[in-house]
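Contents: one structure, followed by commentary.
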Amino acid sequence: MLSLRLPRSKSFDALEKISRERIMILDGAMGTQIQQLGLSEDDFLGHAGCACHIHTDHPQKGNNDLLILTQPQAIEEIHFRYAMAGADIVETNTFSSTVIAQADYAMEDKVFELNRQGAALARAAMDRATAQDGKPRFVAGAVGPTNRTASISPDVNNPGFRAITFDELREAYGLQIRALIAGGADIILIETIFDTLNAKAAIFAASEAFSEHGAALPLMISGTITDASGRTLSGQTPTAFWYSVAHARPFTVGLNCALGAHAMRPHLAELASVADTRICAYPNAGLPNAFGQYDEGPEDTAAEIAGFARDGLVNVVGGCCGTTPDHIRAIAEAVAPFAPRKF
Ligand SMILES: [Zn+2]
């Protein structure tokens with residue numbers, strides 16, 4: 001990887017130091033918190049007369065990333081609450097801020113601003129939290145999988161068809177990552193990986209962006225297990241997934257989403273048995289109920305994750321879908337007595 005020859009960013013050393021001393025805490029779900037705001041289409045567009053107002057005929061309700069530009073105070077406040085609940089690292093609200101994912105909302109031309117502002121908002125919230133308690137905090141620029149897959153055909157009648165190419169992904173991720181760095185991201189977090197080829201394009205784009213930037217940021221790489229056989233959508237076991245991304249020498253590798261902590265455990269244990277880097281786990285708050293909602297309470301999620309920590313499986317923990325600041329507070333308390341995993 002190109003960036004191996006680069007000097008490391010300032011936060012890199014600080015993160016390494018803290019991660020040797022204790023298990024670090026990542027934040028919880030952004031979507032769950034946004035849902036609770038009950039925002040209307042008008043709210044998503046921003047207030048009329050405000051410079052942040054978006055002019056479009058395309059419906060924007062559900063484009064959560066757009067709230068970075070149209071409801072910045074609400075997003076900053078969510079980051080702040082997670083920080084005060086105990087998160088050392090918060091993720092930017094940029095999961096879908098690529099030209100590929102934003103094409104669904106005809107917002108491709110906002111992508112650079114979404115990522116730059118998304119990182120700046122998270123940074124402002126972290127600085128506000130640090131001013132209160134003196135704890136250092138880090139911003140992870142969140143890079144999602146996009147809604148296309150490079151290694152699987154979406155058309156069962158045409159298995160050779162691909163809806164996206166490696167280079168299209170590389171360029172889209174490159175724009176996103178450069179903007180996240182411009183906004184002050186400390187980490188690049190490639191997450192919810194269901195197709196490892198998409199993740200490889202993101203890793204390549206990150207290495208190019210780091211070269212341009214003149215310093216390597218820490219990379220966090222997080223896959224998602226999508227079926228009961230314990231494989232990603234592109235068919236890999238946790239072991240195969242690790243060997244596919246190990247060349248990037250990530251700060252962490254891990255799993256998030258799709259499963260609750262209980263169901264994630266065996267796959268996490270497999271990953272921890274092969275990966276010679278830090279392990280990061282941020283499961284959902286259990287499995288969704290019939291209405292697609294998550295019922296697992298903070299104490300239950302925290303008890304499962306404390307089990308990961310007790311057994312020496314993890315270095316960074318947090319929450320994915322359905323988790324709240326209360327979950328993060330409970331998780332932070334539950335893992336505090338345990339040492340980080342040695343690798
Ligand atoms: Zn999730």
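Chain lettering (A, B, ...) mirrors the order of the structure tokens, residue numbering begins at 1 for each chain separately, and ligand numbering begins at 1 in order of display.
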
Sorted by chain and rising residue number, list the residues of chain A at most 8 Å from ligand 1 (counting only C-alpha atoms and all ligand atoms), each with its closest atom pair and distance in Å to one decimal, as CSV.
residue,atom,partner,partner_atom_place_in_ligand_line,distance
A:Ala29,CA,ligand 1,1 (Zn),7.3
A:Thr192,CA,ligand 1,1 (Zn),7.4
A:Asn256,CA,ligand 1,1 (Zn),6.4
A:Cys257,CA,ligand 1,1 (Zn),3.5
A:Ala258,CA,ligand 1,1 (Zn),5.9
A:Pro283,CA,ligand 1,1 (Zn),6.9
A:Asn284,CA,ligand 1,1 (Zn),5.4
A:Gly319,CA,ligand 1,1 (Zn),7.9
A:Cys320,CA,ligand 1,1 (Zn),4.2
A:Cys321,CA,ligand 1,1 (Zn),3.8
A:Gly322,CA,ligand 1,1 (Zn),7.5

With DSSP run on the backbone, what are the strand (DSSP E) residues within range 183-301 of chain A? I'd like them as a PyMOL selection string. chain A and resi 187-193+219-223+252-260+278-284

Can those selected residues be exported to a file as a PDB file, in the first residue's frame so that it contains C-alpha atoms?
ATOM      1  CA  ILE A 187      -9.698   8.091  10.988  1.00  0.00           C
ATOM      2  CA  ILE A 188     -11.225   6.605   7.850  1.00  0.00           C
ATOM      3  CA  LEU A 189     -13.781   3.918   8.742  1.00  0.00           C
ATOM      4  CA  ILE A 190     -14.807   1.626   5.888  1.00  0.00           C
ATOM      5  CA  GLU A 191     -17.872  -0.075   7.323  1.00  0.00           C
ATOM      6  CA  THR A 192     -20.773  -2.466   6.846  1.00  0.00           C
ATOM      7  CA  ILE A 193     -18.770  -4.245   4.144  1.00  0.00           C
ATOM      8  CA  LEU A 219      -7.962   2.892   8.762  1.00  0.00           C
ATOM      9  CA  MET A 220     -10.762   0.992  10.458  1.00  0.00           C
ATOM     10  CA  ILE A 221     -12.272  -1.791   8.359  1.00  0.00           C
ATOM     11  CA  SER A 222     -15.556  -3.406   9.365  1.00  0.00           C
ATOM     12  CA  GLY A 223     -17.352  -6.233   7.596  1.00  0.00           C
ATOM     13  CA  THR A 252      -8.731  -2.116  13.441  1.00  0.00           C
ATOM     14  CA  VAL A 253     -10.582  -4.851  11.630  1.00  0.00           C
ATOM     15  CA  GLY A 254     -13.954  -5.992  12.836  1.00  0.00           C
ATOM     16  CA  LEU A 255     -17.630  -6.603  12.371  1.00  0.00           C
ATOM     17  CA  ASN A 256     -20.723  -4.406  12.598  1.00  0.00           C
ATOM     18  CA  CYS A 257     -24.426  -4.458  11.849  1.00  0.00           C
ATOM     19  CA  ALA A 258     -26.706  -7.278  10.624  1.00  0.00           C
ATOM     20  CA  LEU A 259     -26.355  -9.280  13.847  1.00  0.00           C
ATOM     21  CA  GLY A 260     -26.825  -8.560  17.516  1.00  0.00           C
ATOM     22  CA  ARG A 278      -6.905  -4.505  16.878  1.00  0.00           C
ATOM     23  CA  ILE A 279     -10.451  -5.915  16.774  1.00  0.00           C
ATOM     24  CA  CYS A 280     -13.480  -3.630  16.662  1.00  0.00           C
ATOM     25  CA  ALA A 281     -17.066  -4.820  17.226  1.00  0.00           C
ATOM     26  CA  TYR A 282     -20.224  -2.744  16.999  1.00  0.00           C
ATOM     27  CA  PRO A 283     -23.270  -4.975  16.729  1.00  0.00           C
ATOM     28  CA  ASN A 284     -26.913  -3.980  16.375  1.00  0.00           C
TER      29      ASN A 284
END

For Leu69 in chain A, the closest of A:Leu114, A:Ile89, A:Val317, A:Val99 counting only C-alpha atoms is A:Leu114

Report as number ranges by chain: the residues of range 125-300 of chain A with a DSSP assignment of alpha helix (DSSP H), based on the backbone of this structure. A: 125-133, 166-182, 196-213, 238-245, 261-274, 298-300

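From CA of Phe251 in chain A back to CA of Ile331 in chain A, the distance works out to 21.1 Å.
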
Listing only residues of range 137-175 of chain A within 6 Å of range 205-216 of chain A, what is the closest atom pair and its distance in Å (to one decimal) for each, using only C-alpha atoms, sorted by chain and residue number ascending, as a tab-separated table?
residue	atom	partner	partner_atom	distance
A:Arg170	CA	A:Ala205	CA	5.2
A:Tyr173	CA	A:Ala205	CA	6.0
A:Gly174	CA	A:Ala205	CA	4.7

Keeping only C-alpha atoms, write the selected residues to a file as a tab-separated table (two decimals), in the first residue's frame.
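So part_6.tsv came out as:
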chain	number	residue	atom	x	y	z
A	170	ARG	CA	-12.47	4.00	-6.40
A	173	TYR	CA	-14.65	6.79	-2.54
A	174	GLY	CA	-11.68	9.00	-3.40

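With CA of Arg162 in chain A on one side and CA of Asp109 in chain A on the other, the separation reads 24.2 Å.
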
Between A:Cys52, A:Leu233, A:Ala334, A:Leu15, which residue has the minimum interatomic distance to Ser153 in chain A, considering only C-alpha atoms? A:Leu233

Selected residue of minimal separation from Arg148 in chain A among A:Pro325, A:Leu271, A:Pro72, A:Phe194, counting only C-alpha atoms: A:Phe194

Test item: residues at most 10 Å from His58 in chain A, only C-alpha atoms, excluding those fewer than 3 positions along its chain, as an MDAnalysis selection string: chainID A and resid 55 61 104:107

Print the selection's residues with N, CA and C atoms to a file, as a CSV table (one decimal), in the first residue's frame.
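This is the output file result.csv:
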chain,number,residue,atom,x,y,z
A,55,HIS,N,-32.6,23.5,-2.8
A,55,HIS,CA,-33.7,23.6,-3.9
A,55,HIS,C,-33.7,22.4,-4.8
A,61,LYS,N,-36.7,13.4,2.0
A,61,LYS,CA,-37.0,12.7,3.3
A,61,LYS,C,-36.4,11.3,3.3
A,104,ASP,N,-29.4,8.5,-5.8
A,104,ASP,CA,-30.8,8.1,-5.5
A,104,ASP,C,-31.6,9.4,-5.2
A,105,TYR,N,-31.0,10.4,-4.7
A,105,TYR,CA,-31.6,11.7,-4.3
A,105,TYR,C,-31.3,12.8,-5.2
A,106,ALA,N,-30.6,12.6,-6.3
A,106,ALA,CA,-30.1,13.6,-7.2
A,106,ALA,C,-29.3,14.7,-6.5
A,107,MET,N,-28.5,14.2,-5.5
A,107,MET,CA,-27.6,15.1,-4.7
A,107,MET,C,-26.1,14.9,-4.9

Please report the interatomic distance between CA of Asp13 in chain A and CA of Leu217 in chain A in Å with one decimal. 10.1 Å

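Using only C-alpha atoms, the shortest contact distance between Gln71 in chain A and any of A:Ala336, A:Ala85, A:Val314, A:Leu39 is found at A:Leu39.
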
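You can rank A:Tyr294, A:Phe138, A:Phe44, A:Phe338 by their closest distance to Asp186 in chain A using only C-alpha atoms, and at the top of that list sits A:Phe138.
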
Residues near Glu296 in chain A, anyone? I mean within 10 Å using only C-alpha atoms, not counting same-chain ones fewer than 5 positions away, as a PyMOL selection string. chain A and resi 260+284-289+301-302+322-323+327

How would the residues just chosen look if you wrote them out with N, CA, C and O atoms as a compact mmCIF listing (two decimals), in the first residue's frame?
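Contents of again.txt, freshly written:
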# COMPACT_ATOMS: atom_id res chain seq x y z
N GLY A 260 -27.01 -9.06 16.16
CA GLY A 260 -26.82 -8.56 17.52
C GLY A 260 -25.53 -9.14 18.08
O GLY A 260 -24.89 -10.00 17.45
N ASN A 284 -25.60 -4.61 16.21
CA ASN A 284 -26.91 -3.98 16.38
C ASN A 284 -27.44 -4.28 17.78
O ASN A 284 -26.94 -5.17 18.46
N ALA A 285 -28.50 -3.56 18.17
CA ALA A 285 -29.16 -3.82 19.45
C ALA A 285 -30.06 -5.04 19.27
O ALA A 285 -31.29 -4.95 19.21
N GLY A 286 -29.44 -6.20 19.14
CA GLY A 286 -30.19 -7.44 18.90
C GLY A 286 -30.66 -7.54 17.46
O GLY A 286 -30.17 -6.83 16.58
N LEU A 287 -31.59 -8.45 17.23
CA LEU A 287 -32.15 -8.61 15.88
C LEU A 287 -33.44 -7.80 15.80
O LEU A 287 -34.13 -7.62 16.79
N PRO A 288 -33.77 -7.27 14.60
CA PRO A 288 -34.99 -6.46 14.50
C PRO A 288 -36.25 -7.30 14.73
O PRO A 288 -36.27 -8.48 14.42
N ASN A 289 -37.29 -6.67 15.31
CA ASN A 289 -38.57 -7.35 15.48
C ASN A 289 -39.36 -7.28 14.17
O ASN A 289 -38.86 -6.82 13.15
N THR A 301 -27.31 -5.51 25.75
CA THR A 301 -26.23 -5.34 24.77
C THR A 301 -24.89 -5.24 25.50
O THR A 301 -23.90 -5.87 25.12
N ALA A 302 -24.88 -4.45 26.57
CA ALA A 302 -23.64 -4.23 27.32
C ALA A 302 -23.13 -5.53 27.94
O ALA A 302 -21.92 -5.78 27.97
N GLY A 322 -30.06 0.58 16.03
CA GLY A 322 -30.92 0.44 17.20
C GLY A 322 -30.24 0.83 18.51
O GLY A 322 -30.90 0.88 19.55
N THR A 323 -28.94 1.10 18.48
CA THR A 323 -28.28 1.50 19.73
C THR A 323 -28.42 3.01 19.94
O THR A 323 -28.63 3.77 19.00
N HIS A 327 -27.17 2.95 25.39
CA HIS A 327 -26.42 1.71 25.11
C HIS A 327 -24.91 1.97 25.22
O HIS A 327 -24.19 1.17 25.81

Contacts of Pro337 in chain A within 9 Å, only C-alpha atoms, excl. fewer than 4 positions in-chain, as a PyMOL selection string: chain A and resi 309-310+333

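With distances restricted to only C-alpha atoms, A:Thr324 is the closest residue to Gln36 in chain A from A:Thr94, A:Thr324, A:Ala339, A:Asp133.
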